[in-house]
Amino acid sequence: MSKLQATNGNDRNGSLRMYGLLFRASVRSRMQYRFNFWFSTLMSAMIAIVEFLMLAVILIKFGHIKGWTIAEAGWLYGVLTLSKAMYRTVASDVHNIESYLVSGDLDALLLRPLPVLLALMSRNVSIRFGEVIQGIGILAFSMSALMQEGRIGWLSVPLTLFVVLCGAVLLFSIGLLTATAGFWLTRIGELQNITEDAARTAAQYPLSIYPRWLRGLLIGVIPVGFANFMPGLFVLRGEAGWWMLSLSAVVSAVLLALALVVWKVGISRYQSTGS
Amino acid sequence: MNPIIAVHDLHKSFRAPLPAPEGPFRGLRTLMSRQYTSKEAVCGVSFAVKPGEFVGYIGPNGAGKSTTIKMLAGILHPSSGEVRIDGLNPHRERRRVARRLGVLFGQRTQLWWDLPVRDSYDILAAMYGMDPVRQAARVSELADLLQLGEFMDTPVRKLSLGQRMRADLAAALLHDPDILFLDEPTIGLDVVAKRSIRDYLRSINAELGKTLLLTTHDMDDIEQLCSRVIVINRGTLGFDGSTSELRRRIGLPTIIRVTYRHTPSLPSHMDVDDAALRLTAVEGRAVTAECNRDELSAMEALRMLERFGDIEDVHMEEPHFEDVIHTLY
Amino acid sequence: MLFYVLARKTYARNLQYRGAHMLHNLASALFGFIYMSIWTAIAADQTLGEYGAAGIVSYVAFNQCSLWVAAFLNHGLGIEQLVRTGGIALELMRPAHLFYQLMCKEWGQIAYQFVYKFVPIYALYAIVLPMHIPSSLLVWTSTALALMLAAYMSICLNYLIGAAALWTTESRWLYWANYALSMLLSGFLIPIEWLPKPLEAIARYSFYPFLHYVPTRIYLGMESAATLVGSLLWAAALTAVCLGVTGIMRRKVEVQGG
């Protein structure tokens with residue numbers, strides 16, 4: 001086959017292979033510095049667990065918060081942590097797009113035979129072991145506690161995995177939309193603080209604790225609520241039906257589609273106006 | 001032969017915001033209505049490059065140089081005009097054009113900073129959809145050609161600048177593109193490394209037949225590597241031709257320094273015949289003269305100078321290429 | 001005077017970003033609001049000891065403000081950067097002690113953050129929330145003193161965190177570890193008397209409560225200025241450690257060249 005011929009199928013294969021290589025290479029290079037690797041993993045896991053402990057300690061003392069127990073709150077927390085870990089493992093440099101825009105390094109990505117977004121995502125792939133450990137740990141603790149109470153069954157395990165995946169797509173889409181704003185604003189650090197950090201921190205806790213307007217914001221405007229709380233109503237408490245799961249998936253998918261479209265517009269603008 | 005790079009009447013203008021006039025509520029007024037001015041970076045540039053040429057594309061800063069290159073590579077869309085890379089339009093078919101292009105940035109790396117060099121090649125090969133057999137052959141070829149063997153497994157961040165430049169050059173060539181863009185490929189390198197990179201580039205052009213487009217501020221690069229020079233200044237082309245044509249066009253004179261055995265007897269003025277030869281400095285027995293080689297050959301110039309005394313020593317200097325370019329900028 | 005020169009430079013350097021910083025205040029205020037919501041939800045059907053629903057809101061709000069003075073300092077006082085560039089050797093050899101230099105610079109940072117972050121967020125909370133505002137001048141001055149001692153202790157902690165950069169490249173994790181521990185043990189989100197017994201014991205034996213718990217309780221009128229003796233003692237102890245560590249740093253740089 002001529003080297004100039006590359007069908008779309010070949011592209012997709014190549015991308016998958018590329019990602020596999022990126023993962024392996026990243027792990028290999030980090031394992032080279034064993035102390036650093038274990039130290040940083042330990043530190044990040046510890047920090048993430050302590051963050052959860054802040055809430056756990058309150059719930060230990062007071063029993064529940066707006067009817068949500070510590071095990072349920074742990075589920076919400078763990079699911080969100082895993083979703084975020086997945087998103088940032090695969091798309092770390094989407095979040096860091098500001099540095100690419102400021103330094104002009106984005107141009108180099110346009111020289112690749114890949115969609116710019118994929119090229120950007122490939123620049124920095126690094127598994128966030130600490131957060132993964134924390135997420136799985138808290139989920140294990142929460143879900144076994146809930147199962148012992150008889151509140152959930154084994155079905156909830158694959159359901160939880162599904163929720164985590166949808167959540168990852170959702171957080172990625174929010175991150176991508178915010179990053180795209182960089183084509184117009186360049187400096188988006190503060191915006192990211194609000195749409196990603198603040199929104200996600202708020203969603204770590206059961207949304208019922210917030211006033212209606214904030215809950216509406218977190219479900220309707222920056223819909224992080226669909227990453228854990230809304231599906232949680234179904235998976236943990238049976239307060240909603242199977243439709244909630246589909247709705248969460250639909251919201252993630254729609255947001256992703258929207259983000260990709262807006263990203264294309266942003267790239268097109270970048271190519272017309274330069275940096 | 002069809003040109004492999006064809007540029008026709010290329011234009012690019014940018015909208016730049018005008019600073020708001022001083023006065024109260026300046027920030028607010030800026031938000032409400034912003035005045036824009038149009039800045040023409042590239043106005044009507046046209047040229048064609050045939051396969052196998054080694055072209056230097058130079059100009060002062062802000063001349064529209066990098067803007068043109070970005071439009072050739074598909075990074076930027078032209079305001080008007082046409083670009084064809086190997087018959088394809090980079091504006092519309094960025095990714096297909098990307099497969100035919102290799103780019104070397106002197107000032108930043110395209111490799112993965114924390115990973116060994118070898119890993120970067122693996123990842124790039126996957127990106128370009130190269131099958132593993134071909135990839136292995138290619139990597140080994142390039143490692144031989146550019147002598148990468150000793151640092152294939154070293155993380156990029158630990159390489160010296162010269163090593164990194166070679167590794168980046170190999171990365172640019174990995175997918176065997178027909179066209180290479182080189183952006184300041186020798187910047188910051190020591191003399192030895194510069195020469196070796198230039199040797200590699202020369203052989204890539206001469207032996208592999210690749211088309212190379214070089215942008216640089218180092219005039220030695222141009223002089224030693226390029227057969228053709230295109231000069232852009234203030235958005236338009238100032239010159240497009242061979243390097244020797246450029247010298248001739250500018251017409252900077254050759255400088256001849258002559259040392260006489262005894263104090264020469266110089267005429268008080270030069271007659272009309274000798275207008276082609278001008279005396280610029282006299283210090284005792286040393287005389288400096290200028291002449292245009294087009295008008296007066298070196299032998300004739302020397303014969304004229306011999307009339308003034310016995311010559312003991314002669315020293316000739318061609319104008320610096322830099323000075324040549326300087327008059328163009 | 002060196003103190004004033006160094007502090008002023010840092011203050012001035014930050015001024016150019018005050019637009020972005022004001023926007024950041026919005027995000028910071030939101031974070032505080034999240035924590036307050038947690039407590040209002042709890043307070044809906046439980047009593048909250050000596051704090052009460054209103055008191056706990058003020059508690060969390062003031063803690064959020066005080067983060068900008070006693071927690072969000074330059075990571076490791078910038079020592080990691082100095083180690084990476086090799087400038088640490090030069091800085092250690094200067095006539096002014098490294099700790100003093102970096103402390104002065106950081107005071108400038110803290111002063112800037114007080115004016116452009118603490119004050120705006122505090123003002124916002126005071127307007128929007130039922131926030132407790134002390135009436136006695138003694139309380140205001142004790143609070144100010146408590147905050148300054150908390151800031152000073154934070155400077156010392158960051159100095160030690162930064163010093164670790166001489167031994168490992170991963171020292172920035174220590175900053176976040178310290179931050180996480182501080183969140184848990186300094187009474188930031190939950191007053192330490194409500195921590196599980198083992199954690200409460202650890203907290204009380206550490207300096208952490210003096211960073212947030214003590215200044216905020218003084219502000220709320222729940223502690224007297226006498227508690228500040230503890231702050232002073234810890235400040236003195238931490239200073240001694242910092243000075244000692246500087247000696248070790250000097251020796252390392254002399255032997256290994258940094």
# chains A, B, ... in the order shown; residues from 1 in each chain; ligands from 1
$ residues_around --residues "Tyr179 of chain C" --least-positions-apart "4" --cutoff "10 Å" --atoms "only C-alpha atoms" --output "PyMOL selection string"
(chain A and resi 47+50-51) or (chain C and resi 71-72+173-175+183-186)
$ write_last_selection --atoms "N, CA and C atoms" --output "compact mmCIF listing (two decimals), in the first residue's frame"
# COMPACT_ATOMS: atom_id res chain seq x y z
N ILE A 47 -3.55 12.40 50.12
CA ILE A 47 -4.22 13.70 50.05
C ILE A 47 -5.68 13.53 49.67
N VAL A 50 -7.62 12.10 52.64
CA VAL A 50 -7.83 13.11 53.69
C VAL A 50 -8.95 14.07 53.29
N GLU A 51 -9.01 14.39 51.99
CA GLU A 51 -10.10 15.26 51.53
C GLU A 51 -11.45 14.63 51.83
N ALA C 71 -2.67 29.96 54.61
CA ALA C 71 -2.53 28.66 53.94
C ALA C 71 -1.97 28.77 52.52
N PHE C 72 -2.55 29.65 51.71
CA PHE C 72 -2.12 29.72 50.30
C PHE C 72 -0.90 30.59 50.15
N TRP C 173 4.84 17.57 46.55
CA TRP C 173 3.78 16.77 47.16
C TRP C 173 3.62 17.11 48.64
N LEU C 174 4.76 17.46 49.26
CA LEU C 174 4.70 17.77 50.68
C LEU C 174 3.82 18.98 50.94
N TYR C 175 3.83 19.92 50.00
CA TYR C 175 2.97 21.09 50.16
C TYR C 175 1.51 20.65 50.23
N MET C 183 -6.26 20.91 56.40
CA MET C 183 -7.71 20.93 56.22
C MET C 183 -8.40 20.07 57.27
N LEU C 184 -7.76 18.96 57.57
CA LEU C 184 -8.38 18.02 58.49
C LEU C 184 -8.17 18.42 59.95
N LEU C 185 -6.95 18.82 60.27
CA LEU C 185 -6.58 18.98 61.68
C LEU C 185 -6.59 20.41 62.19
N SER C 186 -6.75 21.38 61.27
CA SER C 186 -6.68 22.76 61.73
C SER C 186 -8.06 23.29 62.07
$ residues_around --residues "Leu149 of chain C" --least-positions-apart "6" --cutoff "9 Å" --atoms "only C-alpha atoms" --output "list in words"
Ala70, Phe210, Leu211, Leu228, Ser231, Leu232 and Ala235 of chain C
$ interface_residues --of "chain C" --to "chain A" --cutoff "10 Å" --atoms "only C-alpha atoms" --output "PyMOL selection string"
chain C and resi 20-31+33-48+168-174+176-185+187-191+194-196+199
$ write_last_selection --atoms "N, CA and C atoms" --output "compact mmCIF listing (two decimals), in the first residue's frame"
# COMPACT_ATOMS: atom_id res chain seq x y z
N ALA C 20 -7.31 39.27 37.37
CA ALA C 20 -7.55 37.82 37.40
C ALA C 20 -7.80 37.35 38.82
N HIS C 21 -7.09 37.96 39.77
CA HIS C 21 -7.24 37.53 41.16
C HIS C 21 -8.63 37.84 41.69
N MET C 22 -9.17 38.96 41.28
CA MET C 22 -10.52 39.30 41.75
C MET C 22 -11.52 38.27 41.24
N LEU C 23 -11.31 37.84 40.00
CA LEU C 23 -12.18 36.81 39.44
C LEU C 23 -12.03 35.51 40.22
N HIS C 24 -10.79 35.26 40.61
CA HIS C 24 -10.53 34.06 41.38
C HIS C 24 -11.24 34.11 42.71
N ASN C 25 -11.40 35.30 43.25
CA ASN C 25 -12.11 35.45 44.52
C ASN C 25 -13.51 34.88 44.45
N LEU C 26 -14.10 35.02 43.28
CA LEU C 26 -15.44 34.47 43.09
C LEU C 26 -15.42 32.97 43.32
N ALA C 27 -14.45 32.30 42.68
CA ALA C 27 -14.34 30.85 42.85
C ALA C 27 -14.08 30.52 44.31
N SER C 28 -13.20 31.28 44.94
CA SER C 28 -12.88 31.01 46.33
C SER C 28 -14.11 31.18 47.23
N ALA C 29 -14.86 32.22 46.96
CA ALA C 29 -16.08 32.44 47.75
C ALA C 29 -17.05 31.27 47.57
N LEU C 30 -17.10 30.76 46.34
CA LEU C 30 -17.98 29.62 46.06
C LEU C 30 -17.58 28.40 46.88
N PHE C 31 -16.27 28.16 46.96
CA PHE C 31 -15.81 27.03 47.76
C PHE C 31 -16.29 27.17 49.20
N PHE C 33 -18.79 28.73 50.20
CA PHE C 33 -20.24 28.55 50.19
C PHE C 33 -20.61 27.08 50.20
N ILE C 34 -19.82 26.27 49.49
CA ILE C 34 -20.06 24.82 49.49
C ILE C 34 -19.95 24.28 50.90
N TYR C 35 -18.88 24.66 51.59
CA TYR C 35 -18.68 24.15 52.94
C TYR C 35 -19.78 24.62 53.88
N MET C 36 -20.21 25.87 53.67
CA MET C 36 -21.30 26.37 54.52
C MET C 36 -22.57 25.58 54.30
N SER C 37 -22.81 25.19 53.04
CA SER C 37 -24.03 24.43 52.74
C SER C 37 -24.04 23.10 53.46
N ILE C 38 -22.85 22.51 53.57
CA ILE C 38 -22.77 21.24 54.29
C ILE C 38 -23.28 21.44 55.71
N TRP C 39 -22.83 22.49 56.33
CA TRP C 39 -23.23 22.73 57.72
C TRP C 39 -24.69 23.16 57.86
N THR C 40 -25.17 23.96 56.96
CA THR C 40 -26.58 24.35 57.07
C THR C 40 -27.47 23.13 56.92
N ALA C 41 -27.01 22.18 56.05
CA ALA C 41 -27.81 20.96 55.90
C ALA C 41 -27.83 20.17 57.21
N ILE C 42 -26.67 20.11 57.87
CA ILE C 42 -26.59 19.40 59.16
C ILE C 42 -27.45 20.13 60.19
N ALA C 43 -27.31 21.46 60.20
CA ALA C 43 -27.99 22.25 61.23
C ALA C 43 -29.51 22.16 61.12
N ALA C 44 -30.00 21.74 59.94
CA ALA C 44 -31.44 21.68 59.73
C ALA C 44 -32.13 20.82 60.78
N ASP C 45 -31.49 19.72 61.17
CA ASP C 45 -32.17 18.89 62.16
C ASP C 45 -31.28 18.47 63.32
N GLN C 46 -30.17 19.18 63.51
CA GLN C 46 -29.36 18.84 64.68
C GLN C 46 -28.86 20.13 65.32
N THR C 47 -28.66 20.08 66.63
CA THR C 47 -28.09 21.27 67.29
C THR C 47 -26.59 21.22 67.12
N LEU C 48 -25.99 22.37 67.14
CA LEU C 48 -24.56 22.43 66.87
C LEU C 48 -23.79 23.03 68.04
N THR C 168 14.82 15.76 47.51
CA THR C 168 13.99 15.00 46.57
C THR C 168 13.34 15.95 45.57
N THR C 169 13.12 15.43 44.36
CA THR C 169 12.47 16.27 43.35
C THR C 169 10.96 16.32 43.54
N GLU C 170 10.46 15.50 44.43
CA GLU C 170 9.00 15.42 44.56
C GLU C 170 8.50 16.24 45.73
N SER C 171 9.26 17.27 46.12
CA SER C 171 8.90 17.97 47.35
C SER C 171 7.57 18.70 47.26
N ARG C 172 7.10 18.96 46.02
CA ARG C 172 5.84 19.71 45.97
C ARG C 172 4.67 18.90 46.50
N TRP C 173 4.84 17.57 46.55
CA TRP C 173 3.78 16.77 47.16
C TRP C 173 3.62 17.11 48.64
N LEU C 174 4.76 17.46 49.26
CA LEU C 174 4.70 17.77 50.68
C LEU C 174 3.82 18.98 50.94
N TRP C 176 1.12 19.77 49.29
CA TRP C 176 -0.27 19.35 49.26
C TRP C 176 -0.60 18.44 50.43
N ALA C 177 0.36 17.63 50.86
CA ALA C 177 0.14 16.80 52.04
C ALA C 177 -0.10 17.68 53.25
N ASN C 178 0.72 18.73 53.37
CA ASN C 178 0.54 19.65 54.48
C ASN C 178 -0.83 20.32 54.40
N TYR C 179 -1.21 20.70 53.18
CA TYR C 179 -2.50 21.34 52.98
C TYR C 179 -3.64 20.41 53.39
N ALA C 180 -3.53 19.14 52.96
CA ALA C 180 -4.59 18.17 53.28
C ALA C 180 -4.68 17.97 54.80
N LEU C 181 -3.52 17.78 55.45
CA LEU C 181 -3.52 17.60 56.90
C LEU C 181 -4.10 18.82 57.59
N SER C 182 -3.73 19.98 57.05
CA SER C 182 -4.22 21.21 57.64
C SER C 182 -5.73 21.29 57.55
N MET C 183 -6.26 20.91 56.40
CA MET C 183 -7.71 20.93 56.22
C MET C 183 -8.40 20.07 57.27
N LEU C 184 -7.76 18.96 57.57
CA LEU C 184 -8.38 18.02 58.49
C LEU C 184 -8.17 18.42 59.95
N LEU C 185 -6.95 18.82 60.27
CA LEU C 185 -6.58 18.98 61.68
C LEU C 185 -6.59 20.41 62.19
N GLY C 187 -9.04 22.40 62.05
CA GLY C 187 -10.39 22.84 62.36
C GLY C 187 -11.01 23.60 61.23
N PHE C 188 -10.49 23.42 60.01
CA PHE C 188 -10.97 24.20 58.88
C PHE C 188 -12.46 23.95 58.61
N LEU C 189 -12.78 22.69 58.40
CA LEU C 189 -14.17 22.40 58.08
C LEU C 189 -14.97 22.03 59.31
N ILE C 190 -14.29 21.37 60.25
CA ILE C 190 -15.00 20.91 61.44
C ILE C 190 -14.21 21.32 62.69
N PRO C 191 -14.87 21.95 63.64
CA PRO C 191 -14.18 22.32 64.89
C PRO C 191 -13.55 21.09 65.52
N TRP C 194 -15.02 18.24 67.64
CA TRP C 194 -15.93 17.28 67.06
C TRP C 194 -15.23 16.20 66.25
N LEU C 195 -13.92 16.26 66.18
CA LEU C 195 -13.19 15.20 65.49
C LEU C 195 -13.25 13.93 66.32
N PRO C 196 -13.15 12.77 65.66
CA PRO C 196 -13.05 11.52 66.42
C PRO C 196 -11.86 11.62 67.39
N LEU C 199 -8.12 11.54 66.29
CA LEU C 199 -7.73 12.67 65.46
C LEU C 199 -7.66 13.95 66.28
$ residues_around --residues "segment 247-257 of chain A" --least-positions-apart "5" --cutoff "9 Å" --atoms "only C-alpha atoms" --output "PyMOL selection string"
chain A and resi 162-163+166-174+176-177+223+226-227+230-231+242+262
$ write_last_selection --atoms "C-alpha atoms" --output "CSV table (one decimal), in the first residue's frame"
chain,number,residue,atom,x,y,z
A,162,PHE,CA,-21.1,2.5,33.9
A,163,VAL,CA,-21.8,5.6,35.9
A,166,CYS,CA,-20.4,8.4,31.8
A,167,GLY,CA,-19.0,10.7,34.4
A,168,ALA,CA,-15.6,10.7,32.8
A,169,VAL,CA,-17.1,11.6,29.5
A,170,LEU,CA,-19.2,14.3,31.2
A,171,LEU,CA,-16.2,15.9,33.0
A,172,PHE,CA,-14.1,15.6,29.8
A,173,SER,CA,-16.8,17.5,27.9
A,174,ILE,CA,-17.0,20.3,30.5
A,176,LEU,CA,-13.2,20.6,26.6
A,177,LEU,CA,-15.8,23.3,26.4
A,223,PRO,CA,-24.3,19.4,34.7
A,226,PHE,CA,-25.3,13.8,36.3
A,227,ALA,CA,-21.8,12.4,37.0
A,230,MET,CA,-28.5,11.8,39.7
A,231,PRO,CA,-27.5,8.3,38.8
A,242,TRP,CA,-33.7,3.0,35.0
A,262,VAL,CA,-17.6,24.0,19.5
$ atom_distance --atom1 "atom CA of Ala16 of chain B" --atom2 "atom CA of Lys39 of chain B"
6.8 Å
$ residues_around --residues "Gly78 of chain C" --least-positions-apart "5" --cutoff "12 Å" --atoms "only C-alpha atoms" --output "PyMOL selection string"
chain C and resi 73+83-85+87-88+91+98-99+101-103+105-106+155+158-165+171-172+175
$ closest_residue --among "B:Arg202, B:His320, B:Arg108, B:His11" --to "Glu53 of chain B" --atoms "only C-alpha atoms"
B:Arg202
$ closest_atom_pairs --of "chain A" --to "chain B" --cutoff "8 Å" --atoms "only C-alpha atoms" --output "Markdown table"
| residue | atom | partner | partner_atom | distance |
| --- | --- | --- | --- | --- |
| A:Leu4 | CA | B:Arg99 | CA | 7.1 |
| A:Ala6 | CA | B:Gly129 | CA | 7.6 |
| A:Asn10 | CA | B:Gly129 | CA | 6.4 |
| A:Asp11 | CA | B:Gly129 | CA | 6.4 |
| A:Asn13 | CA | B:Gly129 | CA | 7.7 |
| A:Gly14 | CA | B:Ala126 | CA | 5.0 |
| A:Ser15 | CA | B:Met127 | CA | 6.1 |
| A:Arg17 | CA | B:Ala126 | CA | 6.0 |
| A:Met18 | CA | B:Ala126 | CA | 5.0 |
| A:Leu21 | CA | B:Ile123 | CA | 6.2 |
| A:Leu22 | CA | B:Ile123 | CA | 6.8 |
| A:Ala25 | CA | B:Asp119 | CA | 6.6 |
| A:Ser26 | CA | B:Leu115 | CA | 7.1 |
| A:Ser29 | CA | B:Leu115 | CA | 6.2 |
| A:Asp107 | CA | B:Ile75 | CA | 6.2 |
| A:Ala108 | CA | B:Gln110 | CA | 7.3 |
| A:Leu110 | CA | B:Ile75 | CA | 5.8 |
| A:Leu111 | CA | B:Ala98 | CA | 5.4 |
| A:Arg112 | CA | B:Ala98 | CA | 5.6 |
| A:Pro113 | CA | B:Arg95 | CA | 4.2 |
| A:Leu114 | CA | B:Arg95 | CA | 6.3 |
| A:Pro115 | CA | B:Arg95 | CA | 7.7 |
| A:Arg123 | CA | B:Trp112 | CA | 7.0 |
| A:Tyr270 | CA | B:Leu76 | CA | 7.7 |
| A:Gln271 | CA | B:Leu76 | CA | 4.4 |
| A:Ser272 | CA | B:His77 | CA | 5.2 |
| A:Thr273 | CA | B:Phe14 | CA | 6.4 |
| A:Gly274 | CA | B:Leu76 | CA | 6.4 |
$ residues_around --residues "Tyr329 of chain B" --least-positions-apart "4" --cutoff "12 Å" --atoms "only C-alpha atoms" --output "MDAnalysis selection string"
chainID B and resid 58:63 231:239 250 322:325
$ write_last_selection --atoms "C-alpha atoms" --output "compact mmCIF listing (two decimals), in the first residue's frame"
# COMPACT_ATOMS: atom_id res chain seq x y z
CA ILE B 58 14.46 34.62 4.80
CA GLY B 59 13.41 38.04 5.92
CA PRO B 60 13.64 40.37 8.89
CA ASN B 61 11.45 39.79 11.90
CA GLY B 62 7.85 40.72 11.29
CA ALA B 63 8.24 40.44 7.53
CA VAL B 231 13.61 37.07 0.55
CA ILE B 232 10.41 38.45 2.04
CA ASN B 233 10.22 41.93 3.45
CA ARG B 234 7.17 43.79 4.72
CA GLY B 235 4.87 41.12 3.35
CA THR B 236 6.15 41.02 -0.22
CA LEU B 237 8.97 39.20 -1.95
CA GLY B 238 12.13 41.23 -2.38
CA PHE B 239 14.12 38.60 -4.21
CA ILE B 250 23.28 43.50 -4.91
CA GLU B 322 25.12 38.98 5.71
CA ASP B 323 25.97 42.38 4.31
CA VAL B 324 24.36 41.31 1.06
CA ILE B 325 21.17 40.40 2.81
$ atom_distance --atom1 "atom CA of Phe47 of chain B" --atom2 "atom CA of Leu182 of chain B"
17.8 Å
$ select_by_dssp --residues "segment 155-249 of chain C" --states "alpha helix (DSSP H)" --output "NGL selection string"
:C and (155-163 or 172-185 or 197-205 or 213-219 or 228-249)
$ select_by_dssp --residues "segment 72-250 of chain B" --states "strand (DSSP E)" --output "ChimeraX atom specification"
/B:80-85,101-105,179-183,211-215,228-233,236-242
$ closest_residue --among "B:Leu174, B:Leu277, B:His8, B:Thr37" --to "Glu300 of chain B" --atoms "only C-alpha atoms"
B:Leu277
$ residues_around --residues "segment 251-254 of chain C" --least-positions-apart "3" --cutoff "10 Å" --atoms "only C-alpha atoms" --output "number ranges by chain"
C: 83, 86, 88-90, 92-93, 166-167, 245-248, 257-258
$ closest_residue --among "C:Trp68, C:Gly19, C:Pro120, C:Arg13" --to "chain B" --atoms "only C-alpha atoms"
C:Gly19
